[in-house]
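**Student:** Got input-v4.json for you, JSON, C-alpha atoms:
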[["chain", "number", "residue", "atom", "x", "y", "z"],
["A", 1, "MET", "CA", 23.73, 14.12, 3.60],
["A", 2, "PRO", "CA", 23.59, 14.74, 7.37],
["A", 3, "LYS", "CA", 26.24, 12.75, 9.27],
["A", 4, "GLU", "CA", 23.75, 11.41, 11.83],
["A", 5, "ASN", "CA", 21.86, 9.52, 9.13],
["A", 6, "LYS", "CA", 23.81, 6.32, 8.68],
["A", 7, "GLY", "CA", 23.11, 2.79, 7.51],
["A", 8, "LEU", "CA", 19.48, 2.17, 6.60],
["A", 9, "LYS", "CA", 18.49, 5.73, 7.44],
["A", 10, "SER", "CA", 20.80, 7.01, 4.72],
["A", 11, "LEU", "CA", 18.71, 5.18, 2.11],
["A", 12, "ALA", "CA", 15.85, 7.57, 2.77],
["A", 13, "PHE", "CA", 17.99, 10.37, 1.32],
["A", 14, "LEU", "CA", 18.86, 8.46, -1.85],
["A", 15, "LYS", "CA", 17.21, 8.99, -5.20],
["A", 16, "VAL", "CA", 17.85, 6.07, -7.51],
["A", 17, "ASP", "CA", 16.66, 5.43, -11.05],
["A", 18, "ALA", "CA", 18.96, 2.86, -12.56],
["A", 19, "THR", "CA", 19.17, -0.26, -14.68],
["A", 20, "ILE", "CA", 20.71, -3.28, -12.94],
["A", 21, "ASN", "CA", 22.36, -6.31, -14.52],
["A", 22, "ALA", "CA", 24.50, -7.94, -11.86],
["A", 23, "GLU", "CA", 25.12, -10.97, -9.67],
["A", 24, "THR", "CA", 24.21, -10.96, -5.99],
["A", 25, "GLU", "CA", 25.66, -13.40, -3.47],
["A", 26, "SER", "CA", 22.82, -12.85, -1.00],
["A", 27, "LEU", "CA", 19.08, -12.26, -1.24],
["A", 28, "ALA", "CA", 18.90, -11.07, 2.36],
["A", 29, "PHE", "CA", 18.44, -7.46, 1.20],
["A", 30, "LEU", "CA", 14.84, -8.39, 0.34],
["A", 31, "ASN", "CA", 14.00, -9.44, 3.89],
["A", 32, "LEU", "CA", 13.77, -5.91, 5.26],
["A", 33, "TYR", "CA", 10.61, -5.61, 3.20],
["A", 34, "LEU", "CA", 9.39, -9.22, 3.13],
["A", 35, "ASN", "CA", 9.30, -9.50, 6.92],
["A", 36, "ALA", "CA", 5.97, -7.65, 6.76],
["A", 37, "PHE", "CA", 4.48, -10.69, 4.99],
["A", 38, "GLN", "CA", 3.98, -13.08, 7.91],
["A", 39, "GLY", "CA", 7.70, -12.88, 8.72],
["A", 40, "MET", "CA", 8.75, -14.22, 5.31],
["A", 41, "LYS", "CA", 12.49, -14.58, 4.76],
["A", 42, "LEU", "CA", 14.53, -15.49, 1.68],
["A", 43, "ASP", "CA", 18.09, -16.69, 1.31],
["A", 44, "GLY", "CA", 20.21, -17.72, -1.64],
["A", 45, "SER", "CA", 22.00, -15.97, -4.49],
["A", 46, "GLY", "CA", 21.19, -15.04, -8.07],
["A", 47, "HIS", "CA", 21.30, -12.69, -11.02],
["A", 48, "VAL", "CA", 19.41, -9.38, -10.78],
["A", 49, "ASN", "CA", 18.16, -7.72, -13.95],
["A", 50, "GLY", "CA", 15.84, -4.76, -14.56],
["A", 51, "ARG", "CA", 15.12, -1.25, -13.33],
["A", 52, "ILE", "CA", 14.92, 0.14, -9.80],
["A", 53, "HIS", "CA", 13.38, 3.54, -9.14],
["A", 54, "MET", "CA", 13.50, 4.60, -5.48],
["A", 55, "LYS", "CA", 13.01, 7.96, -3.78],
["A", 56, "GLN", "CA", 12.90, 8.83, -0.07],
["A", 57, "GLY", "CA", 12.86, 5.20, 0.99],
["A", 58, "LYS", "CA", 10.01, 4.21, -1.33],
["A", 59, "LEU", "CA", 9.94, 2.29, -4.58],
["A", 60, "GLU", "CA", 8.49, 4.35, -7.40],
["A", 61, "PRO", "CA", 6.33, 3.26, -10.37],
["A", 62, "GLY", "CA", 8.52, 1.84, -13.11],
["A", 63, "THR", "CA", 10.47, -0.42, -10.76],
["A", 64, "ASP", "CA", 10.67, -3.81, -12.47],
["A", 65, "LEU", "CA", 13.25, -6.34, -11.27],
["A", 66, "ILE", "CA", 13.71, -10.02, -12.07],
["A", 67, "ILE", "CA", 16.02, -12.21, -9.99],
["A", 68, "ALA", "CA", 17.03, -15.64, -11.29],
["A", 69, "ALA", "CA", 17.62, -17.25, -7.90],
["A", 70, "ARG", "CA", 19.95, -20.14, -7.11],
["A", 71, "GLU", "CA", 19.78, -22.23, -3.93],
["A", 72, "LEU", "CA", 16.65, -20.28, -3.09],
["A", 73, "GLY", "CA", 15.29, -20.77, 0.42],
["A", 74, "MET", "CA", 11.99, -19.37, 1.71],
["A", 75, "ASP", "CA", 10.76, -19.42, 5.32],
["A", 76, "LEU", "CA", 7.05, -18.67, 5.72],
["A", 77, "MET", "CA", 4.70, -19.29, 8.66],
["A", 78, "GLY", "CA", 7.06, -21.85, 10.19],
["A", 79, "TYR", "CA", 7.58, -23.89, 7.02],
["A", 80, "ARG", "CA", 10.58, -23.91, 4.68],
["A", 81, "VAL", "CA", 10.89, -24.36, 0.91],
["A", 82, "GLU", "CA", 14.21, -24.88, -0.89],
["A", 83, "GLY", "CA", 15.06, -25.01, -4.59],
["A", 84, "ASP", "CA", 15.68, -22.76, -7.59],
["A", 85, "GLY", "CA", 13.33, -20.17, -8.97],
["A", 86, "THR", "CA", 12.50, -16.64, -10.01],
["A", 87, "ILE", "CA", 11.71, -13.55, -7.92],
["A", 88, "SER", "CA", 10.02, -10.48, -9.37],
["A", 89, "VAL", "CA", 9.58, -7.00, -7.88],
["A", 90, "ASP", "CA", 7.20, -4.74, -9.79],
["A", 91, "VAL", "CA", 5.57, -1.36, -9.14],
["A", 92, "PRO", "CA", 3.22, -0.77, -12.11],
["A", 93, "LYS", "CA", 2.50, 2.77, -13.20],
["A", 94, "ASP", "CA", -1.27, 2.16, -13.19],
["A", 95, "ASN", "CA", -1.29, 0.46, -9.75],
["A", 96, "PRO", "CA", 1.31, 1.98, -7.39],
["A", 97, "ASP", "CA", 1.56, -0.99, -5.03],
["A", 98, "ASN", "CA", 4.63, -3.16, -4.72],
["A", 99, "HIS", "CA", 4.03, -6.57, -6.31],
["A", 100, "ILE", "CA", 6.30, -9.43, -5.25],
["A", 101, "GLY", "CA", 6.31, -12.76, -7.07],
["A", 102, "ILE", "CA", 8.26, -15.89, -6.09],
["A", 103, "GLU", "CA", 8.03, -19.02, -8.23],
["A", 104, "PHE", "CA", 10.01, -22.20, -7.67],
["A", 105, "ASP", "CA", 11.18, -24.16, -10.72],
["A", 106, "SER", "CA", 12.15, -27.08, -8.49],
["A", 107, "LEU", "CA", 11.55, -27.41, -4.78],
["A", 108, "GLU", "CA", 11.45, -29.43, -1.61],
["A", 109, "ALA", "CA", 9.16, -28.29, 1.21],
["A", 110, "PHE", "CA", 9.83, -29.07, 4.87],
["A", 111, "ASP", "CA", 7.63, -29.32, 7.95],
["A", 112, "VAL", "CA", 7.96, -26.99, 10.94],
["A", 113, "ASP", "CA", 10.78, -29.17, 12.31],
["A", 114, "GLY", "CA", 12.90, -28.15, 9.30],
["A", 115, "GLN", "CA", 13.79, -31.79, 8.54],
["A", 116, "THR", "CA", 10.67, -33.73, 7.53],
["A", 117, "THR", "CA", 9.91, -33.47, 3.81],
["A", 118, "LEU", "CA", 6.27, -32.59, 3.16],
["A", 119, "PHE", "CA", 6.40, -32.56, -0.64],
["A", 120, "SER", "CA", 8.62, -31.98, -3.66],
["A", 121, "GLY", "CA", 8.05, -30.90, -7.24],
["A", 122, "SER", "CA", 7.89, -27.60, -9.11],
["A", 123, "GLY", "CA", 5.66, -24.60, -9.68],
["A", 124, "LEU", "CA", 4.92, -23.44, -6.13],
["A", 125, "ALA", "CA", 4.21, -19.71, -6.38],
["A", 126, "VAL", "CA", 3.85, -16.87, -3.88],
["A", 127, "ASN", "CA", 2.29, -13.59, -4.97],
["A", 128, "ALA", "CA", 2.15, -10.66, -2.58],
["A", 129, "THR", "CA", 1.23, -6.98, -2.67],
["A", 130, "GLY", "CA", 2.11, -4.24, -0.23],
["A", 131, "ASN", "CA", 2.95, -0.58, 0.07],
["A", 132, "THR", "CA", 6.11, 0.77, -1.53],
["A", 133, "VAL", "CA", 7.96, 1.65, 1.68],
["A", 134, "VAL", "CA", 11.23, -0.30, 1.77],
["A", 135, "VAL", "CA", 13.08, 1.72, 4.43],
["A", 136, "PRO", "CA", 11.36, 1.95, 7.85],
["A", 137, "LEU", "CA", 11.82, 5.57, 8.86],
["A", 138, "ASP", "CA", 9.86, 8.41, 10.47],
["A", 139, "GLY", "CA", 6.92, 6.18, 11.34],
["A", 140, "LEU", "CA", 6.65, 4.65, 7.89],
["A", 141, "GLN", "CA", 6.94, 0.87, 7.70],
["A", 142, "PRO", "CA", 6.71, -1.77, 4.98],
["A", 143, "LYS", "CA", 3.11, -2.99, 5.12],
["A", 144, "ALA", "CA", 1.59, -6.06, 3.50],
["A", 145, "LYS", "CA", -1.80, -5.94, 1.81],
["A", 146, "SER", "CA", -2.17, -9.50, 0.56],
["A", 147, "ILE", "CA", -0.27, -12.74, 0.12],
["A", 148, "ALA", "CA", -1.34, -15.79, -1.90],
["A", 149, "VAL", "CA", 0.29, -19.21, -2.17],
["A", 150, "SER", "CA", -0.45, -21.61, -5.01],
["A", 151, "ILE", "CA", 0.69, -25.25, -4.94],
["A", 152, "PRO", "CA", 0.27, -27.28, -8.15],
["A", 153, "SER", "CA", 0.24, -31.06, -8.05],
["A", 154, "VAL", "CA", 3.37, -32.05, -6.10],
["A", 155, "LYS", "CA", 4.68, -35.39, -4.84],
["A", 156, "VAL", "CA", 4.23, -36.38, -1.19],
["A", 157, "PRO", "CA", 6.87, -38.99, -0.22],
["A", 158, "ASP", "CA", 5.22, -39.95, 3.07],
["A", 159, "LEU", "CA", 1.66, -39.35, 4.29],
["A", 160, "LYS", "CA", 2.55, -39.79, 7.96],
["A", 161, "PRO", "CA", 3.36, -36.09, 8.71],
["A", 162, "TYR", "CA", -0.20, -35.18, 7.67],
["A", 163, "GLN", "CA", -1.66, -37.20, 10.55],
["A", 164, "ARG", "CA", -1.87, -34.11, 12.75],
["A", 165, "PHE", "CA", -4.67, -32.74, 10.58],
["A", 166, "LEU", "CA", -6.94, -35.64, 11.55],
["A", 167, "PRO", "CA", -9.04, -35.47, 14.74],
["A", 168, "ASP", "CA", -8.25, -38.22, 17.25],
["A", 169, "LYS", "CA", -11.90, -39.25, 17.48],
["A", 170, "TRP", "CA", -11.97, -40.08, 13.76],
["A", 171, "ALA", "CA", -9.91, -43.19, 14.66],
["A", 172, "PHE", "CA", -7.97, -43.17, 11.37],
["A", 173, "LYS", "CA", -4.17, -43.15, 11.48],
["A", 174, "LEU", "CA", -1.91, -42.36, 8.53],
["A", 175, "HIS", "CA", 1.04, -44.76, 8.77],
["A", 176, "GLY", "CA", 2.59, -43.91, 5.41],
["A", 177, "GLY", "CA", 2.40, -44.27, 1.67],
["A", 178, "GLU", "CA", 3.09, -41.85, -1.16],
["A", 179, "GLY", "CA", 0.63, -39.35, -2.56],
["A", 180, "GLU", "CA", 0.02, -36.03, -4.27],
["A", 181, "LEU", "CA", -0.91, -32.64, -2.87],
["A", 182, "GLN", "CA", -2.27, -29.48, -4.42],
["A", 183, "GLY", "CA", -3.93, -26.37, -3.09],
["A", 184, "SER", "CA", -3.99, -22.66, -2.50],
["A", 185, "ALA", "CA", -4.18, -20.13, 0.31],
["A", 186, "GLU", "CA", -4.79, -16.38, 0.39],
["A", 187, "LEU", "CA", -4.48, -13.85, 3.19],
["A", 188, "THR", "CA", -5.60, -10.23, 2.84],
["A", 189, "GLN", "CA", -6.13, -7.42, 5.32],
["A", 190, "GLU", "CA", -9.71, -8.60, 5.82],
["A", 191, "LYS", "CA", -9.88, -12.35, 5.22],
["A", 192, "PHE", "CA", -8.12, -15.70, 4.98],
["A", 193, "SER", "CA", -8.95, -18.78, 2.91],
["A", 194, "SER", "CA", -7.24, -22.05, 2.00],
["A", 195, "ASP", "CA", -8.14, -25.21, 0.13],
["A", 196, "ILE", "CA", -5.71, -28.15, 0.29],
["A", 197, "ARG", "CA", -6.24, -31.60, -1.26],
["A", 198, "LEU", "CA", -4.18, -34.72, -0.48],
["A", 199, "THR", "CA", -4.70, -37.91, -2.52],
["A", 200, "SER", "CA", -3.06, -41.33, -2.70],
["A", 201, "ASN", "CA", -3.56, -44.64, -4.49],
["A", 202, "GLU", "CA", -1.47, -46.53, -1.94],
["A", 203, "ALA", "CA", -2.13, -45.04, 1.49],
["A", 204, "ASP", "CA", -1.21, -47.11, 4.54],
["A", 205, "VAL", "CA", -4.09, -46.36, 6.93],
["A", 206, "GLY", "CA", -4.82, -47.85, 10.34],
["A", 207, "VAL", "CA", -8.19, -48.24, 12.04],
["A", 208, "LYS", "CA", -7.84, -49.50, 15.62],
["A", 209, "ASP", "CA", -5.78, -52.73, 15.37],
["A", 210, "PHE", "CA", -6.16, -53.12, 11.60],
["A", 211, "ARG", "CA", -3.99, -51.80, 8.75],
["A", 212, "PHE", "CA", -5.32, -51.18, 5.26],
["A", 213, "GLN", "CA", -3.92, -50.34, 1.84],
["A", 214, "THR", "CA", -6.41, -47.89, 0.37],
["A", 215, "ASP", "CA", -7.17, -45.02, -1.96],
["A", 216, "LEU", "CA", -7.22, -41.77, 0.02],
["A", 217, "ASP", "CA", -8.88, -38.46, -0.80],
["A", 218, "MET", "CA", -8.55, -35.76, 1.88],
["A", 219, "VAL", "CA", -9.56, -32.11, 1.55],
["A", 220, "VAL", "CA", -9.01, -29.41, 4.18],
["A", 221, "LYS", "CA", -10.91, -26.15, 3.71],
["A", 222, "VAL", "CA", -10.39, -23.12, 5.96],
["A", 223, "ASN", "CA", -12.24, -19.86, 5.40],
["A", 224, "SER", "CA", -12.31, -16.75, 7.56],
["A", 225, "PRO", "CA", -14.30, -14.05, 5.71],
["A", 226, "SER", "CA", -13.59, -11.53, 8.48],
["A", 227, "LEU", "CA", -10.36, -11.74, 10.45],
["A", 228, "GLU", "CA", -11.72, -9.09, 12.78],
["A", 229, "THR", "CA", -14.33, -11.53, 14.11],
["A", 230, "GLY", "CA", -11.88, -14.45, 14.40],
["A", 231, "VAL", "CA", -14.50, -16.84, 12.96],
["A", 232, "VAL", "CA", -13.03, -19.79, 11.02],
["A", 233, "ASP", "CA", -15.23, -21.99, 8.83],
["A", 234, "VAL", "CA", -14.04, -25.51, 7.89],
["A", 235, "THR", "CA", -17.24, -26.54, 6.10],
["A", 236, "GLY", "CA", -16.53, -28.81, 3.14],
["A", 237, "THR", "CA", -13.52, -30.52, 4.69],
["A", 238, "TYR", "CA", -13.65, -34.28, 4.11],
["A", 239, "PHE", "CA", -11.74, -37.55, 4.49],
["A", 240, "LYS", "CA", -12.54, -40.46, 2.16],
["A", 241, "LEU", "CA", -11.22, -44.01, 1.83],
["A", 242, "ASN", "CA", -12.03, -46.20, -1.16],
["A", 243, "ASP", "CA", -11.16, -49.81, -2.02],
["A", 244, "ALA", "CA", -9.60, -50.35, 1.42],
["A", 245, "ARG", "CA", -7.91, -53.75, 1.67],
["A", 246, "LEU", "CA", -6.49, -55.46, 4.76],
["A", 247, "SER", "CA", -2.70, -55.40, 4.81],
["A", 248, "ARG", "CA", -2.49, -58.84, 6.42],
["A", 249, "GLU", "CA", -4.02, -62.22, 5.72],
["A", 250, "ASP", "CA", -7.25, -62.34, 7.72],
["A", 251, "GLY", "CA", -9.33, -64.43, 5.36],
["A", 252, "ASP", "CA", -11.55, -63.16, 2.61],
["A", 253, "VAL", "CA", -12.64, -59.62, 3.42],
["A", 254, "ASP", "CA", -14.28, -57.50, 0.76],
["A", 255, "PRO", "CA", -12.76, -54.06, 0.11],
["A", 256, "TRP", "CA", -14.69, -51.32, 1.88],
["A", 257, "TYR", "CA", -15.39, -47.60, 1.64],
["A", 258, "ALA", "CA", -15.66, -44.88, 4.28],
["A", 259, "GLU", "CA", -16.04, -41.11, 4.32],
["A", 260, "ILE", "CA", -16.34, -38.29, 6.82],
["A", 261, "ILE", "CA", -17.61, -34.94, 5.56],
["A", 262, "VAL", "CA", -17.80, -31.74, 7.60],
["A", 263, "ALA", "CA", -21.19, -30.45, 6.47],
["A", 264, "LYS", "CA", -20.94, -27.49, 8.84],
["A", 265, "GLY", "CA", -18.02, -26.50, 11.06],
["A", 266, "VAL", "CA", -17.30, -23.08, 12.56],
["A", 267, "ILE", "CA", -15.02, -22.05, 15.45],
["A", 268, "SER", "CA", -13.76, -18.77, 16.90],
["A", 269, "LEU", "CA", -10.12, -17.81, 17.43],
["A", 270, "ASN", "CA", -8.84, -15.02, 19.64],
["A", 271, "LEU", "CA", -7.17, -12.55, 17.29],
["A", 272, "ASP", "CA", -7.88, -9.49, 19.44],
["A", 273, "GLU", "CA", -4.21, -8.60, 19.75],
["A", 274, "ALA", "CA", -3.60, -8.58, 15.99],
["A", 275, "GLU", "CA", -2.45, -5.34, 14.44],
["A", 276, "ASP", "CA", -4.06, -3.96, 11.31],
["A", 277, "GLY", "CA", -3.21, -5.52, 7.98],
["A", 278, "VAL", "CA", -1.66, -8.77, 6.79],
["A", 279, "SER", "CA", 1.53, -8.22, 8.77],
["A", 280, "GLY", "CA", -0.52, -7.89, 11.95],
["A", 281, "VAL", "CA", -2.16, -11.30, 11.83],
["A", 282, "LYS", "CA", 1.00, -13.30, 12.39],
["A", 283, "ASN", "CA", -0.83, -14.89, 15.28],
["A", 284, "LEU", "CA", -3.35, -16.41, 12.85],
["A", 285, "ALA", "CA", -1.02, -19.33, 12.15],
["A", 286, "GLU", "CA", -0.04, -19.47, 15.82],
["A", 287, "ALA", "CA", -3.69, -19.51, 16.86],
["A", 288, "LEU", "CA", -4.49, -22.32, 14.44],
["A", 289, "ARG", "CA", -1.53, -24.33, 15.69],
["A", 290, "SER", "CA", -2.29, -23.65, 19.36],
["A", 291, "ARG", "CA", -5.83, -24.89, 18.88],
["A", 292, "ASP", "CA", -4.31, -27.85, 16.98],
["A", 293, "PHE", "CA", -6.10, -27.99, 13.64],
["A", 294, "LYS", "CA", -7.51, -31.38, 14.60],
["A", 295, "SER", "CA", -9.74, -29.62, 17.12],
["A", 296, "LEU", "CA", -11.31, -27.57, 14.33],
["A", 297, "LEU", "CA", -12.67, -30.75, 12.79],
["A", 298, "ALA", "CA", -13.53, -32.73, 15.91]]
Could you express the structure from this file as structure tokens?
**Tutor:**
Amino acid sequence: MPKENKGLKSLAFLKVDATINAETESLAFLNLYLNAFQGMKLDGSGHVNGRIHMKQGKLEPGTDLIIAARELGMDLMGYRVEGDGTISVDVPKDNPDNHIGIEFDSLEAFDVDGQTTLFSGSGLAVNATGNTVVVPLDGLQPKAKSIAVSIPSVKVPDLKPYQRFLPDKWAFKLHGGEGELQGSAELTQEKFSSDIRLTSNEADVGVKDFRFQTDLDMVVKVNSPSLETGVVDVTGTYFKLNDARLSREDGDVDPWYAEIIVAKGVISLNLDEAEDGVSGVKNLAEALRSRDFKSLLA
């Protein structure tokens, strides 16, 4: 092996076809590849079992690894998830892409501030596909093709952090209450879509100077069939209150019902500077945040 090729570069000269059954104290070795998926990072430790087949810095068909992860942490698009779970790395012989799977057995998800709990539960899964390059060398880079996130029904301890998804002109304010959340999101080289539903039987909602205990049903839909155009469709998003009751004694007031439905809603985002592929649309999340999602619905 030439002396000038050290560190990561030396991996490009390795040919490995081996069975692994060992403990690892750090999952950081995965981040060299996972960074291509919207800057995803993992931390934690675990037990690695399976086969790795690598040649000239690329994973080869037949690679099949399972990691039983402890104290698993995942950072993705500004949010963080912590818990225990399983990580899989698979390059099938009939489909020579790298398939990454991350599934949490138990978890707690945090807002972009890293401290506010958004939800807790189990079953959150991330499935991603990309090329098989694991060592960036000679112009070759790890490249993402798709990433999908699935959230089963999980517990929301406090509705208040979800207030930022409501337009100011809707006049509703989420003061608190527990609830449940479920949804999915998928990003490919061409498109992005997400469908998130938040429900509660005991939402604390304010309207002007009044506070209500109410049933809440909120759905946020985002669909961009062509990232190249930057067009984002939020049609089908809605906010519904049912059996709303005043939180204070103001005489006999019948429970009431209200709903707001986005029958048609389309905006344009500036994604002109995005590179090709999933890894190149990191500014999708930044663009959505900079526009403040509330403005998409207003």
**Student:** Which one is closest to Ala148 in chain A: A:Ser184, A:Ser120, A:Gln38, A:Asn31? Count all atoms listed in the file.
**Tutor:**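 Of all the options, A:Ser184 lies closest to Ala148 in chain A.
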**Student:** Smallest atom-to-atom distance to Pro255 in chain A: which of A:Asp17, A:Phe172, A:Arg51, A:Asp215, using only C-alpha atoms?
**Tutor:**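 Among the listed residues, A:Asp215 lies closest to Pro255 in chain A.
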**Student:** For a cut-off of 7 Å around (16.5, -20.9, -4.8), file coordinates, pick out all residues using all atoms listed in the file and list them as a ChimeraX atom specification.
**Tutor:** /A:44,69-73,82-85
**Student:** Hey, what's within 10 Å of range 107-115 of chain A if we count all atoms listed in the file and toss same-chain stuff fewer than 4 positions away? As a PyMOL selection string, please?
**Tutor:** chain A and resi 71-85+103+119-124+154-156+161-162
**Student:** I'd like the contact shell of Val133 in chain A - 9 Å cut-off, only C-alpha atoms, skipping same-chain residues fewer than 6 positions apart - returned as an MDAnalysis selection string.
**Tutor:** chainID A and resid 33 56:59 98 140:143
**Student:** Between CA of Pro96 in chain A and CA of Ile67 in chain A, what is the distance in Å, rounded to a tenth?
**Tutor:**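 Distance between the two atoms: 20.6 Å.
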**Student:** Please list as a PyMOL selection string every residue within 6 Å of range 236-245 of chain A, counting all atoms listed in the file and excluding residues in the same chain fewer than 6 positions away.
**Tutor:** chain A and resi 212-221+255-263
**Student:** I'd like the contact shell of Pro225 in chain A - 8 Å cut-off, all atoms listed in the file, skipping same-chain residues fewer than 5 positions apart - returned as a ChimeraX atom specification.
**Tutor:** /A:190-193,231-232
**Student:** Quick one: pull the distance between CA of Val266 in chain A and CA of Asp233 in chain A, Å, one decimal.
**Tutor:**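 According to the coordinates, CA of Val266 in chain A and CA of Asp233 in chain A are separated by 4.4 Å.
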**Student:** With all atoms listed in the file as the atoms that count, which of A:Val134, A:Asp64, A:Lys93, A:His99 lies nearest to Leu30 in chain A?
**Tutor:** A:Val134
**Student:** Using Å and a single decimal, report how far CA of Asp168 in chain A sits from CA of Gln182 in chain A.
**Tutor:**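 Between CA of Gln182 in chain A and CA of Asp168 in chain A the gap works out to 24.1 Å.
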**Student:** Tell me which of A:Glu202, A:Asp209, A:Glu60, A:Glu186 sits closest to Val89 in chain A, counting all atoms listed in the file.
**Tutor:**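 With all atoms listed in the file as the atom set, the closest residue is A:Glu60.
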**Student:** Nearest to Phe29 in chain A: which of A:Gln189, A:Ser194, A:Ser88, A:Ser45 is it, counting only C-alpha atoms?
**Tutor:**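 Among the listed residues, the smallest separation from Phe29 in chain A belongs to A:Ser45.
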**Student:** Taking all atoms listed in the file into account, name the residue in A:Ile147, A:Ala125, A:Ala22, A:Ala68 that is nearest to Gly39 in chain A.
**Tutor:**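 Among A:Ile147, A:Ala125, A:Ala22, A:Ala68, it is A:Ile147 that comes nearest to Gly39 in chain A.
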**Student:** Please define a box with edges along x, y and z of the file around all atoms of range 104-111 of chain A given in the file, extend it by 5 Å on each side, and return its centre and edge lengths in Å to one decimal, as JSON.
**Tutor:**
{"center_x": 9.9, "center_y": -25.8, "center_z": -1.4, "size_x": 14.5, "size_y": 17.2, "size_z": 28.7}
